[in-house]
Structures are given as C-alpha cells and as structure tokens.
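A.B. asks: Okay, here's the structure, questions in a sec.
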Amino acid sequence: MPMQVGNATYSLSRKPWPCTINEARGFPGMLGSLDCMHCEWKNCPTAWKGQFTRGDHGVSTMMLAAVASQDLWIWHAFFGVAGSTNDLNVLNQSTLFTNVLQGRAPAVQFTVCGIEYNMGYYLVDGIYSEWAAFVKTIPLPQNERDKCFARRQEGARKDVERAFGVLQARFAILRIPARFWERSLLGKIMYACIIIHNMIVEDERDTYRVRYDFNSYDQGCNPIPPVQPEHGPIDGFTDLLDINAALLDRRRHIRLKKDLVEHIWRRFGDGQGNN
C-alpha cells in the first residue's frame, strides 16, 4: 500500500500475497485486520480541543487507521483525523478503498465452501458496517460452530492491535503526548515511524521487495507538468459505482460470513486444532 510522505510515495509489495498466509489460518482472501488507534496531542490548540477530545479518552487525540498482517507489517496507514470521531468516521475519510474503486487494486480470487469470491476482505470489530469487504465476529455465539469462528476471527483480528503495540514500544515519540503544534508535522512523524517499522519487519523476515516511486519528479529532477482537466463525460464512472455497490453489499457480507463459519468449522472445529 502506498504512503505519501512529502513529494515521494513509499510503496511496499510482497511475494507471496498475504492471502496465501491467511488461508492457512482459515481465512482465504483475507487482506489483513483493520482498526484505529488514538494518539494523544498535548499541545492541541485551545480552539480545537473540543473537536479533538472524546469523552472516553478525556484528552485531545488524533487517530491512526491501519491495516496489518500477521507478521505486523502495516499495509495501509491513514493518520490525522480528529479524536472526537469514531472508527466509522475515520473509514469514511480514509483512502483504504481508493485503489479498489479506481480498479488498480490487486485481483483477489478465492473459494470458500465451493463458492468463488473475487473481492478480498478485512477482519474488523463490531463497530464497522456489514459490508462485503469486512468480516466481523459473532457476538454471543450460541453453538460450537459459531464459537469456533468467533475464536478464530478475534484471534486473527488482534494482528493490527499487536502492530500498534509494537509501533509504540519501538518509538517513544509515539508513546508520549505529542508536543508539536502542526498537524502536518505530526503526520510526517507518524508515517516515518511506520516506514521504519516496516523496514525492521522487512529485515527480520527477508521476504519483501521494496520500491520507491517519486511521483513528483522524473530522473532529471524536472517537475512533471500538472494534468490538465478535461470536460465531458467521466470514463469509467459507471464501473466505479458498480464497485462501490459491491463493497457495500450486505447480502454478500452475510453469505461470505456464513461460508467462512462453515469453512473454519470443517478445518478447525470438532476438536481439530481449536487451540
């Protein structure tokens, strides 16, 4: 997932695609786990404190939304939303599905219980909506089949929370309340720490390929002229609407979740690797 830092886009890609790793955990097609973290902002301007303070935290914060995989690699990061918002508000502002809507995301195809799916998904907690791109746990499961699924889903969803913990443990500047005044500077610090974190994971795993794309300058360091706007019909807008409708499809969410419950029960249920 690309992360914008100044005039450069730092992007990381990996072989194999993480879906193959998550398939062994019982979640074929899963791209990672998604969650948000609050970062305290000590020197938040007084005029903004009401906007950046939420009752359950009591201090001014900014939120980081991230997607992480089992090895704590952070694939997507979006930082800077006011702390008074919740995870859904952050999702509505983030760029998580930008590549999907633009048709530039890697193709994800997998089969669950004999049914083919062509859209990856993220493991999330209960606050998120029932979209086709999300798989949530089963609250208060009543039978062994649902309990097995809930245990597996909640265990795999902890990946992003573990990544948050490791990120703060590695960088003291993220643990202490931020003392800077400018939001843009805080964003650069956060993205820099995430990049270094990923570089550490890359060095420890030795399974990544790193690429730097400088999208504002060519090899001769000459600025690339801006794209001139064109008037008229927007090509591909109908496709964008179709993709967006597929992302928000609640029926597909329910069907996928039902198939995953059955898939995980066949693989890990009935005493077969529940631990």
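Every chain in the structure tokens takes a letter, A first, then B, and so on in the order presented; its residues are numbered from 1, and the ligands are numbered from 1 following the presented order.
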Name the residues of segment 98-154 of chain A that fall into strand (DSSP E) according to DSSP on the backbone, using the chain letters and numbers of this document, as number ranges by chain.
C.D. replies: A: 110-112, 115-117, 121-123, 134-135
A.B. asks: Write the residues of the selection above to a file with all heavy atoms, as an mmCIF file, in the first residue's frame.
C.D. replies:
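This is the output file result_15.cif:
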```
data_model
loop_
_atom_site.group_PDB
_atom_site.id
_atom_site.type_symbol
_atom_site.label_atom_id
_atom_site.label_comp_id
_atom_site.auth_asym_id
_atom_site.auth_seq_id
_atom_site.Cartn_x
_atom_site.Cartn_y
_atom_site.Cartn_z
ATOM 1 N N PHE A 110 -10.702 -16.279 -4.477
ATOM 2 C CA PHE A 110 -10.584 -17.401 -3.553
ATOM 3 C C PHE A 110 -11.906 -18.155 -3.524
ATOM 4 O O PHE A 110 -12.939 -17.661 -4.006
ATOM 5 C CB PHE A 110 -10.200 -16.919 -2.148
ATOM 6 C CG PHE A 110 -11.185 -15.952 -1.537
ATOM 7 C CD1 PHE A 110 -12.171 -16.386 -0.665
ATOM 8 C CD2 PHE A 110 -11.131 -14.603 -1.845
ATOM 9 C CE1 PHE A 110 -13.077 -15.508 -0.107
ATOM 10 C CE2 PHE A 110 -12.041 -13.704 -1.286
ATOM 11 C CZ PHE A 110 -13.009 -14.163 -0.414
ATOM 12 N N THR A 111 -11.859 -19.352 -2.968
ATOM 13 C CA THR A 111 -13.031 -20.219 -2.907
ATOM 14 C C THR A 111 -13.275 -20.632 -1.466
ATOM 15 O O THR A 111 -12.348 -21.048 -0.764
ATOM 16 C CB THR A 111 -12.832 -21.471 -3.778
ATOM 17 O OG1 THR A 111 -12.572 -21.069 -5.125
ATOM 18 C CG2 THR A 111 -14.075 -22.350 -3.746
ATOM 19 N N VAL A 112 -14.516 -20.497 -1.031
ATOM 20 C CA VAL A 112 -14.915 -20.907 0.317
ATOM 21 C C VAL A 112 -16.150 -21.788 0.187
ATOM 22 O O VAL A 112 -17.179 -21.346 -0.356
ATOM 23 C CB VAL A 112 -15.219 -19.690 1.214
ATOM 24 C CG1 VAL A 112 -15.605 -20.162 2.612
ATOM 25 C CG2 VAL A 112 -14.033 -18.753 1.285
ATOM 26 N N ILE A 115 -17.792 -21.971 -3.222
ATOM 27 C CA ILE A 115 -18.281 -20.724 -3.818
ATOM 28 C C ILE A 115 -17.102 -19.800 -4.079
ATOM 29 O O ILE A 115 -16.268 -19.581 -3.194
ATOM 30 C CB ILE A 115 -19.311 -20.034 -2.899
ATOM 31 C CG1 ILE A 115 -20.509 -20.954 -2.666
ATOM 32 C CG2 ILE A 115 -19.763 -18.698 -3.483
ATOM 33 C CD1 ILE A 115 -21.549 -20.376 -1.736
ATOM 34 N N GLU A 116 -17.022 -19.261 -5.285
ATOM 35 C CA GLU A 116 -15.917 -18.401 -5.666
ATOM 36 C C GLU A 116 -16.229 -16.938 -5.332
ATOM 37 O O GLU A 116 -17.338 -16.460 -5.563
ATOM 38 C CB GLU A 116 -15.621 -18.538 -7.164
ATOM 39 C CG GLU A 116 -15.112 -19.918 -7.569
ATOM 40 C CD GLU A 116 -14.730 -19.984 -9.033
ATOM 41 O OE1 GLU A 116 -14.903 -18.957 -9.723
ATOM 42 O OE2 GLU A 116 -14.265 -21.054 -9.471
ATOM 43 N N TYR A 117 -15.225 -16.251 -4.788
ATOM 44 C CA TYR A 117 -15.325 -14.824 -4.471
ATOM 45 C C TYR A 117 -14.180 -14.094 -5.169
ATOM 46 O O TYR A 117 -13.095 -14.650 -5.365
ATOM 47 C CB TYR A 117 -15.237 -14.591 -2.963
ATOM 48 C CG TYR A 117 -16.420 -15.129 -2.181
ATOM 49 C CD1 TYR A 117 -16.416 -16.447 -1.705
ATOM 50 C CD2 TYR A 117 -17.524 -14.344 -1.921
ATOM 51 C CE1 TYR A 117 -17.494 -16.946 -0.991
ATOM 52 C CE2 TYR A 117 -18.602 -14.824 -1.201
ATOM 53 C CZ TYR A 117 -18.576 -16.127 -0.740
ATOM 54 O OH TYR A 117 -19.656 -16.615 -0.031
ATOM 55 N N TYR A 121 -11.160 -9.152 1.748
ATOM 56 C CA TYR A 121 -11.881 -8.585 2.880
ATOM 57 C C TYR A 121 -10.920 -8.353 4.047
ATOM 58 O O TYR A 121 -9.790 -8.861 4.073
ATOM 59 C CB TYR A 121 -13.023 -9.497 3.313
ATOM 60 C CG TYR A 121 -12.595 -10.901 3.689
ATOM 61 C CD1 TYR A 121 -12.234 -11.223 4.990
ATOM 62 C CD2 TYR A 121 -12.527 -11.907 2.725
ATOM 63 C CE1 TYR A 121 -11.820 -12.506 5.331
ATOM 64 C CE2 TYR A 121 -12.126 -13.189 3.048
ATOM 65 C CZ TYR A 121 -11.786 -13.486 4.356
ATOM 66 O OH TYR A 121 -11.364 -14.748 4.676
ATOM 67 N N TYR A 122 -11.389 -7.570 5.017
ATOM 68 C CA TYR A 122 -10.620 -7.240 6.213
ATOM 69 C C TYR A 122 -11.385 -7.723 7.442
ATOM 70 O O TYR A 122 -12.616 -7.680 7.473
ATOM 71 C CB TYR A 122 -10.391 -5.727 6.321
ATOM 72 C CG TYR A 122 -9.673 -5.128 5.140
ATOM 73 C CD1 TYR A 122 -10.395 -4.607 4.067
ATOM 74 C CD2 TYR A 122 -8.291 -5.084 5.089
ATOM 75 C CE1 TYR A 122 -9.743 -4.048 2.975
ATOM 76 C CE2 TYR A 122 -7.632 -4.537 4.002
ATOM 77 C CZ TYR A 122 -8.359 -4.028 2.951
ATOM 78 O OH TYR A 122 -7.717 -3.481 1.863
ATOM 79 N N LEU A 123 -10.649 -8.166 8.454
ATOM 80 C CA LEU A 123 -11.260 -8.527 9.722
ATOM 81 C C LEU A 123 -11.410 -7.270 10.568
ATOM 82 O O LEU A 123 -10.456 -6.517 10.741
ATOM 83 C CB LEU A 123 -10.410 -9.565 10.456
ATOM 84 C CG LEU A 123 -10.182 -10.897 9.735
ATOM 85 C CD1 LEU A 123 -9.449 -11.867 10.653
ATOM 86 C CD2 LEU A 123 -11.492 -11.503 9.252
ATOM 87 N N PHE A 134 -15.794 -6.489 4.680
ATOM 88 C CA PHE A 134 -15.500 -6.692 6.093
ATOM 89 C C PHE A 134 -16.056 -8.036 6.549
ATOM 90 O O PHE A 134 -17.101 -8.493 6.074
ATOM 91 C CB PHE A 134 -16.121 -5.589 6.953
ATOM 92 C CG PHE A 134 -15.568 -4.216 6.688
ATOM 93 C CD1 PHE A 134 -16.372 -3.092 6.824
ATOM 94 C CD2 PHE A 134 -14.254 -4.035 6.303
ATOM 95 C CE1 PHE A 134 -15.879 -1.827 6.579
ATOM 96 C CE2 PHE A 134 -13.750 -2.771 6.055
ATOM 97 C CZ PHE A 134 -14.561 -1.665 6.199
ATOM 98 N N VAL A 135 -15.353 -8.646 7.503
ATOM 99 C CA VAL A 135 -15.851 -9.840 8.189
ATOM 100 C C VAL A 135 -15.730 -9.587 9.682
ATOM 101 O O VAL A 135 -14.630 -9.347 10.187
ATOM 102 C CB VAL A 135 -15.064 -11.104 7.784
ATOM 103 C CG1 VAL A 135 -15.433 -12.273 8.693
ATOM 104 C CG2 VAL A 135 -15.347 -11.466 6.334
#
```
A.B. asks: Between A:Ala105, A:Asp259, A:Tyr191, A:Leu91, which is the closest to Ser129 of chain A once you count only C-alpha atoms?
C.D. replies: A:Leu91
A.B. asks: Need to verify the contact set: Ala245 of chain A, 12 Å, only C-alpha atoms, exclusion of same-chain residues closer than 5 positions in sequence. Can you return it as a list in words?
C.D. replies: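 Near neighbours after the sequence-gap exclusion: Val100, Leu101, Trp131, Ala132, Ala133, Thr238, Asp239, Leu240, Arg250, Arg251 and Arg252 of chain A.
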A.B. asks: I need the residue nearest Gly55 of chain A from this list: A:Gly103, A:Gly29, A:Gly83, A:Gly269. Use only C-alpha atoms for the distance.
C.D. replies: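 Among A:Gly103, A:Gly29, A:Gly83, A:Gly269, it is A:Gly83 that comes nearest to Gly55 of chain A.
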A.B. asks: So, with only C-alpha atoms as the atoms that count, which of A:Arg104, A:Trp73, A:Val261, A:Ala156 lies closest to Ile196 of chain A?
C.D. replies: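 Under the stated criterion, the closest residue is A:Trp73.
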A.B. asks: Determine the nearest neighbour of Gln93 of chain A from the options A:Met37, A:Leu260, A:Met199, A:Met63, counting only C-alpha atoms.
C.D. replies: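 Using only C-alpha atoms, Gln93 of chain A sits closest to A:Met63.
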A.B. asks: For Asp249 of chain A, which of A:Glu130, A:Glu202, A:Glu262, A:Glu144 is the closest residue, counting only C-alpha atoms?
C.D. replies: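 Nearest candidate to Asp249 of chain A out of A:Glu130, A:Glu202, A:Glu262, A:Glu144: A:Glu130.
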A.B. asks: Between A:Phe164, A:Cys39, A:Gln102, A:Ala82, which residue has the minimum interatomic distance to Asp242 of chain A, considering only C-alpha atoms?
C.D. replies: A:Gln102
A.B. asks: Residues of segment 145-196 of chain A in helix (DSSP H, G or I) according to DSSP, as an MDAnalysis selection string?
C.D. replies: chainID A and resid 145:170 172:175 183:196
A.B. asks: Per residue of segment 42-85 of chain A within 10 Å of segment 185-188 of chain A, what are the shortest atom pair and its distance in Å to one decimal, counting only C-alpha atoms, with rows by chain and residue number, as a Markdown table?
C.D. replies:
```
| residue | atom | partner | partner_atom | distance |
| --- | --- | --- | --- | --- |
| A:Met62 | CA | A:Leu186 | CA | 9.4 |
| A:Leu64 | CA | A:Gly187 | CA | 9.6 |
| A:Phe78 | CA | A:Gly187 | CA | 9.1 |
| A:Phe79 | CA | A:Gly187 | CA | 6.3 |
| A:Gly80 | CA | A:Gly187 | CA | 6.4 |
```
